[in-house]
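Q: mmCIF, C-alpha atoms and all ligand atoms, saved as coords.cif, coming up:
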```
data_entry
loop_
_atom_site.group_PDB
_atom_site.id
_atom_site.type_symbol
_atom_site.label_atom_id
_atom_site.label_comp_id
_atom_site.auth_asym_id
_atom_site.auth_seq_id
_atom_site.Cartn_x
_atom_site.Cartn_y
_atom_site.Cartn_z
ATOM 1 C CA MET A 1 0.000 0.000 0.000
ATOM 2 C CA LEU A 2 1.338 3.425 -0.949
ATOM 3 C CA LEU A 3 1.262 6.509 1.222
ATOM 4 C CA ILE A 4 0.689 9.240 -1.353
ATOM 5 C CA PRO A 5 1.398 12.882 -0.462
ATOM 6 C CA CYS A 6 -1.493 14.840 -1.987
ATOM 7 C CA PRO A 7 -0.220 18.354 -2.849
ATOM 8 C CA TRP A 8 -3.106 19.781 -0.796
ATOM 9 C CA CYS A 9 -3.921 17.234 1.912
ATOM 10 C CA GLY A 10 -0.503 15.771 2.679
ATOM 11 C CA PRO A 11 0.186 12.039 3.037
ATOM 12 C CA ARG A 12 -2.891 9.860 2.687
ATOM 13 C CA ASP A 13 -3.486 6.170 2.188
ATOM 14 C CA GLN A 14 -3.589 4.837 -1.379
ATOM 15 C CA SER A 15 -7.178 3.647 -0.802
ATOM 16 C CA GLU A 16 -8.291 7.324 -1.018
ATOM 17 C CA PHE A 17 -6.827 7.749 -4.523
ATOM 18 C CA SER A 18 -7.548 6.645 -8.038
ATOM 19 C CA TYR A 19 -4.957 6.165 -10.747
ATOM 20 C CA GLY A 20 -5.076 8.098 -14.010
ATOM 21 C CA GLY A 21 -2.266 6.631 -16.084
ATOM 22 C CA GLN A 22 0.742 8.316 -17.661
ATOM 23 C CA ALA A 23 0.998 12.080 -17.170
ATOM 24 C CA HIS A 24 1.873 14.856 -19.628
ATOM 25 C CA ILE A 25 0.238 13.311 -22.694
ATOM 26 C CA VAL A 26 -0.742 16.312 -24.788
ATOM 27 C CA ARG A 27 -3.835 16.129 -26.929
ATOM 28 C CA PRO A 28 -2.910 16.861 -30.560
ATOM 29 C CA ALA A 29 -3.809 20.418 -31.551
ATOM 30 C CA GLU A 30 -5.372 19.283 -34.830
ATOM 31 C CA PRO A 31 -6.798 15.777 -34.413
ATOM 32 C CA ALA A 32 -8.298 15.851 -37.912
ATOM 33 C CA ALA A 33 -4.848 16.252 -39.430
ATOM 34 C CA LEU A 34 -3.619 13.013 -37.844
ATOM 35 C CA GLY A 35 -3.436 9.623 -39.512
ATOM 36 C CA ASP A 36 -4.923 6.523 -37.844
ATOM 37 C CA GLY A 37 -1.517 5.442 -36.620
ATOM 38 C CA GLU A 38 -0.743 8.758 -34.965
ATOM 39 C CA TRP A 39 -4.201 8.937 -33.401
ATOM 40 C CA ALA A 40 -3.907 5.385 -32.060
ATOM 41 C CA ASP A 41 -0.488 6.307 -30.700
ATOM 42 C CA TYR A 42 -2.012 9.259 -28.824
ATOM 43 C CA LEU A 43 -4.950 7.219 -27.529
ATOM 44 C CA PHE A 44 -3.397 3.911 -26.606
ATOM 45 C CA MET A 45 0.387 3.832 -26.562
ATOM 46 C CA ARG A 46 1.977 4.428 -23.160
ATOM 47 C CA ASP A 47 5.480 4.179 -21.747
ATOM 48 C CA ASN A 48 6.234 1.258 -19.476
ATOM 49 C CA PRO A 49 9.537 2.214 -17.910
ATOM 50 C CA MET A 50 11.512 0.283 -15.321
ATOM 51 C CA GLY A 51 12.217 3.177 -12.965
ATOM 52 C CA ALA A 52 10.933 6.727 -12.804
ATOM 53 C CA HIS A 53 7.451 7.171 -14.274
ATOM 54 C CA ARG A 54 5.347 10.330 -14.336
ATOM 55 C CA GLU A 55 1.708 9.528 -13.731
ATOM 56 C CA GLN A 56 -1.613 11.144 -12.822
ATOM 57 C CA TRP A 57 -3.422 10.461 -9.583
ATOM 58 C CA CYS A 58 -6.717 11.821 -8.260
ATOM 59 C CA HIS A 59 -7.420 12.243 -4.557
ATOM 60 C CA SER A 60 -10.906 10.938 -5.264
ATOM 61 C CA GLY A 61 -11.788 10.083 -1.651
ATOM 62 C CA GLY A 62 -10.399 13.378 -0.340
ATOM 63 C CA CYS A 63 -10.094 16.791 -1.986
ATOM 64 C CA ARG A 64 -10.904 15.302 -5.443
ATOM 65 C CA ARG A 65 -8.015 17.107 -7.182
ATOM 66 C CA TRP A 66 -5.914 15.609 -9.982
ATOM 67 C CA PHE A 67 -2.146 15.926 -9.644
ATOM 68 C CA ASN A 68 1.066 14.392 -10.925
ATOM 69 C CA VAL A 69 3.308 11.849 -9.245
ATOM 70 C CA LYS A 70 6.786 10.799 -10.266
ATOM 71 C CA ARG A 71 7.106 7.243 -9.019
ATOM 72 C CA ASP A 72 9.746 4.556 -9.335
ATOM 73 C CA THR A 73 8.004 1.511 -10.816
ATOM 74 C CA VAL A 74 10.601 -0.845 -9.327
ATOM 75 C CA THR A 75 10.759 0.370 -5.720
ATOM 76 C CA TYR A 76 7.341 2.100 -5.711
ATOM 77 C CA ARG A 77 9.123 5.016 -4.068
ATOM 78 C CA ILE A 78 7.421 8.360 -4.788
ATOM 79 C CA LEU A 79 10.106 10.712 -6.124
ATOM 80 C CA ALA A 80 8.043 13.887 -6.582
ATOM 81 C CA VAL A 81 4.479 15.155 -6.335
ATOM 82 C CA TYR A 82 3.340 18.271 -8.160
ATOM 83 C CA LYS A 83 0.170 20.037 -9.215
ATOM 84 C CA ILE A 84 -1.348 20.001 -12.689
ATOM 85 C CA GLY A 85 0.363 22.706 -14.741
ATOM 86 C CA GLU A 86 3.616 22.491 -12.801
ATOM 87 C CA SER A 87 6.769 21.055 -14.317
ATOM 88 C CA GLY A 88 7.532 18.651 -11.506
ATOM 89 C CA GLY A 89 11.164 19.116 -10.645
ATOM 90 C CA GLU A 90 12.633 17.148 -7.768
ATOM 91 C CA GLY A 91 11.723 18.168 -4.275
ATOM 92 C CA GLU A 92 8.234 19.479 -4.889
ATOM 93 C CA GLY A 93 6.007 17.593 -2.575
ATOM 94 C CA GLY A 94 2.902 17.523 -0.474
ATOM 95 C CA GLY A 95 2.266 19.811 2.431
ATOM 96 C CA GLY A 96 -0.817 20.846 4.287
ATOM 97 C CA ALA A 97 -2.856 19.238 6.990
ATOM 98 C CA PRO A 98 -3.549 15.485 7.233
ATOM 99 C CA MET B 1 -45.586 20.551 1.729
ATOM 100 C CA ALA B 2 -44.642 17.400 3.620
ATOM 101 C CA GLU B 3 -42.404 17.637 6.668
ATOM 102 C CA PRO B 4 -38.765 16.888 5.880
ATOM 103 C CA GLN B 5 -37.635 13.449 6.995
ATOM 104 C CA SER B 6 -34.139 12.612 8.179
ATOM 105 C CA PRO B 7 -32.403 9.641 6.548
ATOM 106 C CA LEU B 8 -32.181 8.184 10.072
ATOM 107 C CA HIS B 9 -35.885 8.650 10.699
ATOM 108 C CA ASP B 10 -36.403 4.918 11.328
ATOM 109 C CA VAL B 11 -33.598 4.807 13.900
ATOM 110 C CA ALA B 12 -35.128 7.783 15.709
ATOM 111 C CA VAL B 13 -38.608 6.216 15.712
ATOM 112 C CA ALA B 14 -37.251 2.876 16.987
ATOM 113 C CA GLY B 15 -35.479 4.706 19.816
ATOM 114 C CA GLY B 16 -38.529 6.828 20.620
ATOM 115 C CA ALA B 17 -36.537 10.058 20.214
ATOM 116 C CA ALA B 18 -36.809 13.112 17.981
ATOM 117 C CA ALA B 19 -33.482 12.304 16.331
ATOM 118 C CA ALA B 20 -31.358 9.168 16.170
ATOM 119 C CA GLU B 21 -29.405 8.526 19.377
ATOM 120 C CA PHE B 22 -27.119 5.774 20.595
ATOM 121 C CA VAL B 23 -24.944 5.006 23.612
ATOM 122 C CA SER B 24 -22.533 2.079 23.459
ATOM 123 C CA PRO B 25 -23.099 -0.715 26.018
ATOM 124 C CA GLY B 26 -20.097 0.378 28.117
ATOM 125 C CA GLY B 27 -20.993 4.058 27.777
ATOM 126 C CA ALA B 28 -17.686 5.117 26.188
ATOM 127 C CA VAL B 29 -19.151 6.188 22.844
ATOM 128 C CA ARG B 30 -22.211 8.346 22.299
ATOM 129 C CA MET B 31 -23.738 9.028 18.944
ATOM 130 C CA CYS B 32 -26.516 11.241 17.668
ATOM 131 C CA GLU B 33 -27.741 12.682 14.409
ATOM 132 C CA LEU B 34 -27.797 16.419 13.686
ATOM 133 C CA PRO B 35 -30.546 16.434 11.064
ATOM 134 C CA PHE B 36 -31.639 19.226 8.719
ATOM 135 C CA LEU B 37 -28.527 21.395 8.971
ATOM 136 C CA GLY B 38 -27.819 23.762 6.098
ATOM 137 C CA HIS B 39 -25.132 22.306 3.818
ATOM 138 C CA PHE B 40 -24.143 24.887 1.220
ATOM 139 C CA HIS B 41 -21.509 24.059 -1.341
ATOM 140 C CA LEU B 42 -19.540 27.055 -2.581
ATOM 141 C CA ARG B 43 -16.979 27.308 -5.361
ATOM 142 C CA GLY B 44 -15.059 30.386 -6.449
ATOM 143 C CA ALA B 45 -11.577 31.628 -7.238
ATOM 144 C CA PRO B 46 -9.368 31.880 -4.118
ATOM 145 C CA ASP B 47 -7.411 34.711 -5.777
ATOM 146 C CA ASP B 48 -10.537 36.804 -6.481
ATOM 147 C CA ALA B 49 -10.431 39.473 -3.764
ATOM 148 C CA LYS B 50 -14.005 40.601 -4.397
ATOM 149 C CA PHE B 51 -15.332 37.055 -4.094
ATOM 150 C CA LEU B 52 -13.432 36.512 -0.831
ATOM 151 C CA SER B 53 -14.516 39.797 0.742
ATOM 152 C CA GLN B 54 -18.195 39.504 -0.204
ATOM 153 C CA VAL B 55 -18.418 35.944 1.084
ATOM 154 C CA LYS B 56 -16.610 37.043 4.239
ATOM 155 C CA ALA B 57 -19.181 39.786 4.761
ATOM 156 C CA ALA B 58 -22.029 37.313 4.312
ATOM 157 C CA LEU B 59 -20.603 34.659 6.653
ATOM 158 C CA GLY B 60 -18.939 36.773 9.301
ATOM 159 C CA CYS B 61 -15.639 34.954 8.751
ATOM 160 C CA ALA B 62 -13.083 34.555 5.989
ATOM 161 C CA LEU B 63 -13.078 31.422 3.841
ATOM 162 C CA PRO B 64 -10.305 29.126 5.073
ATOM 163 C CA LEU B 65 -7.587 28.936 2.407
ATOM 164 C CA THR B 66 -5.356 26.424 4.197
ATOM 165 C CA PRO B 67 -6.182 22.866 3.119
ATOM 166 C CA ASN B 68 -8.336 20.861 5.502
ATOM 167 C CA THR B 69 -8.991 23.658 7.958
ATOM 168 C CA THR B 70 -12.242 25.228 9.113
ATOM 169 C CA ALA B 71 -13.498 28.642 10.152
ATOM 170 C CA ALA B 72 -16.361 29.604 12.409
ATOM 171 C CA GLY B 73 -18.586 32.564 11.560
ATOM 172 C CA GLU B 74 -21.907 33.927 12.710
ATOM 173 C CA ALA B 75 -23.631 31.901 10.011
ATOM 174 C CA GLY B 76 -21.995 28.602 10.961
ATOM 175 C CA GLY B 77 -18.906 26.552 10.195
ATOM 176 C CA VAL B 78 -16.951 26.793 6.959
ATOM 177 C CA LEU B 79 -14.943 23.807 5.754
ATOM 178 C CA TRP B 80 -12.129 23.755 3.197
ATOM 179 C CA LEU B 81 -12.939 21.055 0.643
ATOM 180 C CA GLY B 82 -10.549 22.021 -2.135
ATOM 181 C CA PRO B 83 -8.472 24.989 -3.308
ATOM 182 C CA ASP B 84 -11.606 26.593 -4.786
ATOM 183 C CA GLU B 85 -14.273 24.713 -2.873
ATOM 184 C CA TRP B 86 -15.917 25.080 0.530
ATOM 185 C CA TRP B 87 -18.834 23.833 2.558
ATOM 186 C CA ILE B 88 -20.870 26.084 4.803
ATOM 187 C CA LEU B 89 -22.692 24.206 7.560
ATOM 188 C CA THR B 90 -25.394 26.157 9.356
ATOM 189 C CA ALA B 91 -27.941 25.450 12.075
ATOM 190 C CA ALA B 92 -31.267 24.028 10.931
ATOM 191 C CA GLY B 93 -33.071 27.237 11.913
ATOM 192 C CA GLY B 94 -32.001 30.212 9.810
ATOM 193 C CA ARG B 95 -30.919 28.002 6.914
ATOM 194 C CA ALA B 96 -32.890 29.995 4.379
ATOM 195 C CA GLU B 97 -31.486 33.338 5.540
ATOM 196 C CA VAL B 98 -27.875 32.174 5.270
ATOM 197 C CA LEU B 99 -28.501 30.793 1.796
ATOM 198 C CA GLN B 100 -30.103 34.054 0.760
ATOM 199 C CA SER B 101 -27.226 36.197 1.956
ATOM 200 C CA LEU B 102 -24.732 33.874 0.242
ATOM 201 C CA GLU B 103 -26.751 34.069 -2.977
ATOM 202 C CA LYS B 104 -26.566 37.831 -2.814
ATOM 203 C CA ALA B 105 -22.842 37.767 -2.064
ATOM 204 C CA VAL B 106 -21.916 35.736 -5.150
ATOM 205 C CA ALA B 107 -24.567 37.030 -7.548
ATOM 206 C CA GLY B 108 -23.078 37.841 -10.944
ATOM 207 C CA MET B 109 -19.686 36.406 -10.014
ATOM 208 C CA PHE B 110 -17.658 33.539 -11.405
ATOM 209 C CA ALA B 111 -18.788 31.321 -8.567
ATOM 210 C CA SER B 112 -21.165 28.486 -7.810
ATOM 211 C CA LEU B 113 -23.457 28.018 -4.838
ATOM 212 C CA ILE B 114 -25.482 24.854 -4.356
ATOM 213 C CA ASP B 115 -27.896 23.981 -1.565
ATOM 214 C CA GLN B 116 -26.979 20.398 -0.706
ATOM 215 C CA SER B 117 -28.846 20.378 2.607
ATOM 216 C CA PRO B 118 -31.315 17.608 1.782
ATOM 217 C CA GLY B 119 -28.527 15.435 0.369
ATOM 218 C CA HIS B 120 -26.442 15.193 3.526
ATOM 219 C CA THR B 121 -26.705 14.620 7.219
ATOM 220 C CA VAL B 122 -24.326 14.750 10.174
ATOM 221 C CA ILE B 123 -23.608 11.976 12.667
ATOM 222 C CA ARG B 124 -21.965 13.236 15.845
ATOM 223 C CA ILE B 125 -19.662 10.902 17.794
ATOM 224 C CA ILE B 126 -18.898 11.876 21.381
ATOM 225 C CA GLY B 127 -16.128 10.150 23.284
ATOM 226 C CA GLU B 128 -16.459 9.842 27.053
ATOM 227 C CA GLY B 129 -13.335 9.798 29.213
ATOM 228 C CA ASP B 130 -10.138 10.290 27.232
ATOM 229 C CA GLY B 131 -11.975 9.745 23.963
ATOM 230 C CA GLU B 132 -9.763 6.821 22.923
ATOM 231 C CA PRO B 133 -12.603 4.286 22.489
ATOM 232 C CA ALA B 134 -14.446 6.750 20.227
ATOM 233 C CA ARG B 135 -11.277 7.427 18.217
ATOM 234 C CA ASN B 136 -10.597 3.680 17.993
ATOM 235 C CA LEU B 137 -14.068 3.228 16.559
ATOM 236 C CA LEU B 138 -13.323 5.820 13.873
ATOM 237 C CA ARG B 139 -9.847 4.379 13.298
ATOM 238 C CA SER B 140 -11.397 1.067 12.368
ATOM 239 C CA GLY B 141 -13.304 2.775 9.547
ATOM 240 C CA CYS B 142 -10.635 4.953 7.935
ATOM 241 C CA THR B 143 -6.876 5.393 7.626
ATOM 242 C CA LEU B 144 -6.536 8.944 8.969
ATOM 243 C CA ASP B 145 -4.301 9.751 11.914
ATOM 244 C CA LEU B 146 -6.937 10.851 14.428
ATOM 245 C CA HIS B 147 -4.644 11.638 17.348
ATOM 246 C CA PRO B 148 -5.689 15.087 18.639
ATOM 247 C CA GLU B 149 -2.123 16.323 18.158
ATOM 248 C CA HIS B 150 -2.334 15.617 14.436
ATOM 249 C CA PHE B 151 -6.031 16.184 13.940
ATOM 250 C CA PRO B 152 -7.057 18.899 16.402
ATOM 251 C CA PRO B 153 -10.240 20.991 16.473
ATOM 252 C CA GLY B 154 -10.192 23.442 13.595
ATOM 253 C CA ARG B 155 -9.247 20.790 11.077
ATOM 254 C CA CYS B 156 -11.432 18.791 8.749
ATOM 255 C CA ALA B 157 -10.694 15.862 6.474
ATOM 256 C CA GLN B 158 -12.507 14.164 3.666
ATOM 257 C CA THR B 159 -11.834 10.461 3.495
ATOM 258 C CA VAL B 160 -13.217 7.050 2.654
ATOM 259 C CA PHE B 161 -14.890 5.729 5.780
ATOM 260 C CA ALA B 162 -16.435 2.233 5.893
ATOM 261 C CA LYS B 163 -16.535 2.287 2.088
ATOM 262 C CA THR B 164 -18.363 5.610 1.841
ATOM 263 C CA ASN B 165 -17.211 9.211 1.521
ATOM 264 C CA VAL B 166 -17.246 10.996 4.852
ATOM 265 C CA THR B 167 -15.964 14.366 6.023
ATOM 266 C CA LEU B 168 -14.658 14.382 9.592
ATOM 267 C CA LEU B 169 -14.757 17.431 11.851
ATOM 268 C CA PRO B 170 -13.079 16.999 15.255
ATOM 269 C CA ALA B 171 -13.959 19.278 18.157
ATOM 270 C CA GLU B 172 -13.972 19.480 21.920
ATOM 271 C CA ASP B 173 -17.371 19.977 23.498
ATOM 272 C CA GLU B 174 -18.366 22.141 26.457
ATOM 273 C CA LYS B 175 -17.645 19.226 28.834
ATOM 274 C CA ASN B 176 -14.107 18.896 27.399
ATOM 275 C CA ARG B 177 -15.029 15.665 25.671
ATOM 276 C CA TRP B 178 -13.483 14.771 22.312
ATOM 277 C CA ARG B 179 -16.071 14.603 19.620
ATOM 278 C CA CYS B 180 -16.168 14.251 15.872
ATOM 279 C CA ASP B 181 -18.893 15.146 13.393
ATOM 280 C CA LEU B 182 -19.221 12.908 10.353
ATOM 281 C CA VAL B 183 -20.814 14.528 7.314
ATOM 282 C CA VAL B 184 -22.245 11.799 5.103
ATOM 283 C CA ARG B 185 -24.428 11.539 2.033
ATOM 284 C CA ARG B 186 -28.065 10.910 2.796
ATOM 285 C CA SER B 187 -28.273 7.524 1.100
ATOM 286 C CA PHE B 188 -25.248 6.232 3.055
ATOM 287 C CA ALA B 189 -26.373 7.540 6.456
ATOM 288 C CA ASP B 190 -28.246 4.384 7.453
ATOM 289 C CA HIS B 191 -25.309 2.168 6.452
ATOM 290 C CA LEU B 192 -22.853 4.375 8.357
ATOM 291 C CA TRP B 193 -25.026 4.593 11.467
ATOM 292 C CA ARG B 194 -25.467 0.824 11.679
ATOM 293 C CA TRP B 195 -21.773 0.250 10.975
ATOM 294 C CA LEU B 196 -20.880 2.617 13.839
ATOM 295 C CA GLU B 197 -23.438 1.037 16.205
ATOM 296 C CA GLU B 198 -22.012 -2.393 15.596
ATOM 297 C CA GLY B 199 -18.423 -1.190 15.850
ATOM 298 C CA ALA B 200 -19.033 0.747 19.058
ATOM 299 C CA ALA B 201 -19.735 -2.478 20.940
ATOM 300 C CA GLY B 202 -16.248 -3.684 20.049
ATOM 301 C CA VAL B 203 -14.256 -0.670 21.238
ATOM 302 C CA ASP B 204 -16.106 -0.167 24.497
ATOM 303 C CA GLY B 205 -14.639 -0.971 27.854
ATOM 304 C CA GLY B 206 -11.256 0.639 27.334
ATOM 305 C CA GLY B 207 -12.470 4.114 28.224
HETATM 306 ZN ZN ZN A 301 -6.142 15.911 -1.402
#
```
Translate the structure of the given file into structure tokens.
Ligand SMILES: [Zn+2]
A:
Amino acid sequence: MLLIPCPWCGPRDQSEFSYGGQAHIVRPAEPAALGDGEWADYLFMRDNPMGAHREQWCHSGGCRRWFNVKRDTVTYRILAVYKIGESGGEGEGGGGAP
Amino acid sequence: MAEPQSPLHDVAVAGGAAAAEFVSPGGAVRMCELPFLGHFHLRGAPDDAKFLSQVKAALGCALPLTPNTTAAGEAGGVLWLGPDEWWILTAAGGRAEVLQSLEKAVAGMFASLIDQSPGHTVIRIIGEGDGEPARNLLRSGCTLDLHPEHFPPGRCAQTVFAKTNVTLLPAEDEKNRWRCDLVVRRSFADHLWRWLEEGAAGVDGGG
């Protein structure tokens, strides 16, 4: 079980969160200009790294905000937590009340 | 118009009381419903000075901007729910007046105000003695750290409690007893009440 530091609520149990897959996937500006292959790539193809992975989580049982987590897929260690719209450098993490 | 009915109406009727009440067999945990409170859901931009000041004027207190904290105004308690989201809980009497003044405060603004009163109720847990049995009961339903040092009065927390979404509000009552209000959706109130009743028997005795 992970203890995930929500950027607003601080560390909370994984059971309060839902997972939203890989982060920072940008929707193509002109979908109509894309071929089937490129569109399928945008919709379905995801990285599956061994190590650091940037992913989206939602504090669905708490403040219901989406945010980004950089997590090591081998150790499950959470390397960084940052809000939507932030770049997510090292060291940005959760604060706030429990 | 029909009289409003609490979601714990049947519990109240079975107990012969106006509202649902419960005392654990060993007396360490007390429980009651606070029905028909005003539950107003407010959203607006936390960096909009006009929004903040007009709501402050209507409530008699500033909206709490620190996550998971509360504020107390003349109109009632204000809970932080999200960076742009709050709940205003008011006494059952005067509900309409508070809603009206809030409506006026946010009229024409980029804000949202929803009356969720009929959709929620509050279950109050009161811990006798040092409050540990009552906290142990709540600990068995959620993963929050409920120690008063970490979760003192003035805080609030939304969590998953016994498989339903609950907002917890700790406080100390006039007899210096630890207590915690559980805000729950109407349709889950019966489930939560019965879960707490059953659990209270198991944590008794320690107090
Ligand atoms: Zn949160």
Q: At a cut-off of 10 Å, can you tabulate as CSV every residue of chain A near chain B together with its closest atom pair and the distance in Å to one decimal, using all atoms listed in the file and ordering rows by chain then number?
A:
```
residue,atom,partner,partner_atom,distance
A:Pro7,CA,B:Pro67,CA,9.6
A:Trp8,CA,B:Pro67,CA,5.9
A:Cys9,CA,B:Pro67,CA,6.2
A:Gly10,CA,B:Pro67,CA,9.1
A:Pro11,CA,B:Leu144,CA,9.5
A:Arg12,CA,B:Leu144,CA,7.3
A:Asp13,CA,B:Thr143,CA,6.5
A:Gln14,CA,B:Thr143,CA,9.6
A:Ser15,CA,B:Val160,CA,7.7
A:Glu16,CA,B:Val160,CA,6.2
A:Phe17,CA,B:Val160,CA,9.6
A:His59,CA,B:Thr159,CA,9.4
A:Ser60,CA,B:Thr159,CA,8.8
A:Gly61,CA,B:Thr159,CA,5.2
A:Gly62,CA,B:Gln158,CA,4.6
A:Cys63,CA,B:Gly82,CA,5.3
A:Arg64,CA,B:Gly82,CA,7.5
A:Arg65,CA,B:Gly82,CA,7.5
A:Gly95,CA,B:Pro67,CA,9.0
A:Gly96,CA,B:Pro67,CA,5.9
A:Ala97,CA,B:Asn68,CA,5.9
A:Pro98,CA,B:Phe151,CA,7.2
```
Q: To one decimal place, how far is atom CA of B:Gln5 from atom CA of B:Ser24 in Å?
A: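 Atom-to-atom, atom CA of B:Gln5 to atom CA of B:Ser24, that is 25.1 Å.
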Q: Would you mind listing what lies within 7 Å of stretch 68-79 of chain A as a PyMOL selection string, with only C-alpha atoms counted and same-chain residues fewer than 2 positions away left out?
A: chain A and resi 23+50-57+81-84
Q: Selection from above, C-alpha atoms, as a PDB file, in the frame of the given file, can you write it?
A:
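This went into out.pdb:
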```pdb
ATOM      1  CA  ALA A  23       0.998  12.080 -17.170  1.00  0.00           C
ATOM      2  CA  MET A  50      11.512   0.283 -15.321  1.00  0.00           C
ATOM      3  CA  GLY A  51      12.217   3.177 -12.965  1.00  0.00           C
ATOM      4  CA  ALA A  52      10.933   6.727 -12.804  1.00  0.00           C
ATOM      5  CA  HIS A  53       7.451   7.171 -14.274  1.00  0.00           C
ATOM      6  CA  ARG A  54       5.347  10.330 -14.336  1.00  0.00           C
ATOM      7  CA  GLU A  55       1.708   9.528 -13.731  1.00  0.00           C
ATOM      8  CA  GLN A  56      -1.613  11.144 -12.822  1.00  0.00           C
ATOM      9  CA  TRP A  57      -3.422  10.461  -9.583  1.00  0.00           C
ATOM     10  CA  VAL A  81       4.479  15.155  -6.335  1.00  0.00           C
ATOM     11  CA  TYR A  82       3.340  18.271  -8.160  1.00  0.00           C
ATOM     12  CA  LYS A  83       0.170  20.037  -9.215  1.00  0.00           C
ATOM     13  CA  ILE A  84      -1.348  20.001 -12.689  1.00  0.00           C
TER      14      ILE A  84
END
```
Q: Just want the 9 Å neighbourhood of stretch 170-180 of chain B, counted on all atoms listed in the file, with same-chain residues fewer than 3 positions away dropped. Output as an MDAnalysis selection string.
A: chainID B and resid 123:132 134:135 146 148 151:156
Q: Tell me which protein, DNA and RNA residues are within 8 Å of stretch 55-65 of chain B, counting only C-alpha atoms, leaving out same-chain ones fewer than 6 positions away, and put them as number ranges by chain.
A: B: 46, 71-76, 78-80, 83, 86, 98, 101-102, 105-106
Q: Figure out the distance between atom CA of A:Cys6 and atom CA of A:Pro49, please, to one decimal in Å.
A: 23.1 Å
Q: So which residues get picked by the PyMOL selection byres (((chain B and resi 35) around 12) and not hetatm) here, written as a PDB file with C-alpha atoms, keeping the file's coordinate frame?
A:
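part20.pdb, written as the output of this step:
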```pdb
ATOM      1  CA  PRO B   4     -38.765  16.888   5.880  1.00  0.00           C
ATOM      2  CA  GLN B   5     -37.635  13.449   6.995  1.00  0.00           C
ATOM      3  CA  SER B   6     -34.139  12.612   8.179  1.00  0.00           C
ATOM      4  CA  PRO B   7     -32.403   9.641   6.548  1.00  0.00           C
ATOM      5  CA  LEU B   8     -32.181   8.184  10.072  1.00  0.00           C
ATOM      6  CA  HIS B   9     -35.885   8.650  10.699  1.00  0.00           C
ATOM      7  CA  ALA B  12     -35.128   7.783  15.709  1.00  0.00           C
ATOM      8  CA  ALA B  18     -36.809  13.112  17.981  1.00  0.00           C
ATOM      9  CA  ALA B  19     -33.482  12.304  16.331  1.00  0.00           C
ATOM     10  CA  ALA B  20     -31.358   9.168  16.170  1.00  0.00           C
ATOM     11  CA  GLU B  21     -29.405   8.526  19.377  1.00  0.00           C
ATOM     12  CA  CYS B  32     -26.516  11.241  17.668  1.00  0.00           C
ATOM     13  CA  GLU B  33     -27.741  12.682  14.409  1.00  0.00           C
ATOM     14  CA  LEU B  34     -27.797  16.419  13.686  1.00  0.00           C
ATOM     15  CA  PHE B  36     -31.639  19.226   8.719  1.00  0.00           C
ATOM     16  CA  LEU B  37     -28.527  21.395   8.971  1.00  0.00           C
ATOM     17  CA  GLY B  38     -27.819  23.762   6.098  1.00  0.00           C
ATOM     18  CA  HIS B  39     -25.132  22.306   3.818  1.00  0.00           C
ATOM     19  CA  LEU B  89     -22.692  24.206   7.560  1.00  0.00           C
ATOM     20  CA  THR B  90     -25.394  26.157   9.356  1.00  0.00           C
ATOM     21  CA  ALA B  91     -27.941  25.450  12.075  1.00  0.00           C
ATOM     22  CA  ALA B  92     -31.267  24.028  10.931  1.00  0.00           C
ATOM     23  CA  GLY B  93     -33.071  27.237  11.913  1.00  0.00           C
ATOM     24  CA  SER B 117     -28.846  20.378   2.607  1.00  0.00           C
ATOM     25  CA  PRO B 118     -31.315  17.608   1.782  1.00  0.00           C
ATOM     26  CA  GLY B 119     -28.527  15.435   0.369  1.00  0.00           C
ATOM     27  CA  HIS B 120     -26.442  15.193   3.526  1.00  0.00           C
ATOM     28  CA  THR B 121     -26.705  14.620   7.219  1.00  0.00           C
ATOM     29  CA  VAL B 122     -24.326  14.750  10.174  1.00  0.00           C
ATOM     30  CA  ILE B 123     -23.608  11.976  12.667  1.00  0.00           C
ATOM     31  CA  ARG B 124     -21.965  13.236  15.845  1.00  0.00           C
ATOM     32  CA  ASP B 181     -18.893  15.146  13.393  1.00  0.00           C
ATOM     33  CA  LEU B 182     -19.221  12.908  10.353  1.00  0.00           C
ATOM     34  CA  VAL B 183     -20.814  14.528   7.314  1.00  0.00           C
ATOM     35  CA  VAL B 184     -22.245  11.799   5.103  1.00  0.00           C
ATOM     36  CA  ARG B 185     -24.428  11.539   2.033  1.00  0.00           C
ATOM     37  CA  ARG B 186     -28.065  10.910   2.796  1.00  0.00           C
ATOM     38  CA  ALA B 189     -26.373   7.540   6.456  1.00  0.00           C
TER      39      ALA B 189
END
```
Q: Run the PyMOL selection byres (((chain A and resi 28) around 12) and not hetatm) against the file shown and list the residues it catches, as number ranges by chain.
A: A: 25-27, 29-35, 38-43
Q: Report, in Å to a single decimal, how far apart atom CA of B:Leu113 and atom CA of B:Ala45 are.
A: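 Atom CA of B:Leu113 lies at a distance of 12.6 Å from atom CA of B:Ala45.
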Q: Between A:Gln22, A:Gly37, A:Cys58, A:Asp47, single out the one closest to ligand ZN 301 (chain A), counting only C-alpha atoms and all ligand atoms.
A: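 Result for the nearest residue to ligand ZN 301 (chain A): A:Cys58.
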Q: Let me make sure I understand: among A:Gly21, A:Leu3, A:Trp66, A:Arg46, which one has the smallest atom-to-atom distance to ligand ZN 301 (chain A) if we use only C-alpha atoms and all ligand atoms?
A: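 Closest to ligand ZN 301 (chain A) of all the choices is A:Trp66.
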Q: Please, what is the axis-aligned box for every listed atom of stretch 15-34 of chain A with 8 Å on each side, as centre and edge lengths in Å to one decimal, as JSON?
A:
```
{"center_x": -3.2, "center_y": 12.0, "center_z": -20.1, "size_x": 26.2, "size_y": 32.8, "size_z": 54.6}
```
Q: Expanded to explicit residues, what is the PyMOL selection byres (((chain B and resi 194) around 12) and not hetatm) for this file, as a list in words?
A: Leu8, Asp10, Val11, Ala20, Glu21, Phe22, Met31, Ile123, Ala162, Phe188, Ala189, Asp190, His191, Leu192, Trp193, Trp195, Leu196, Glu197, Glu198, Gly199, Ala200 and Ala201 of chain B
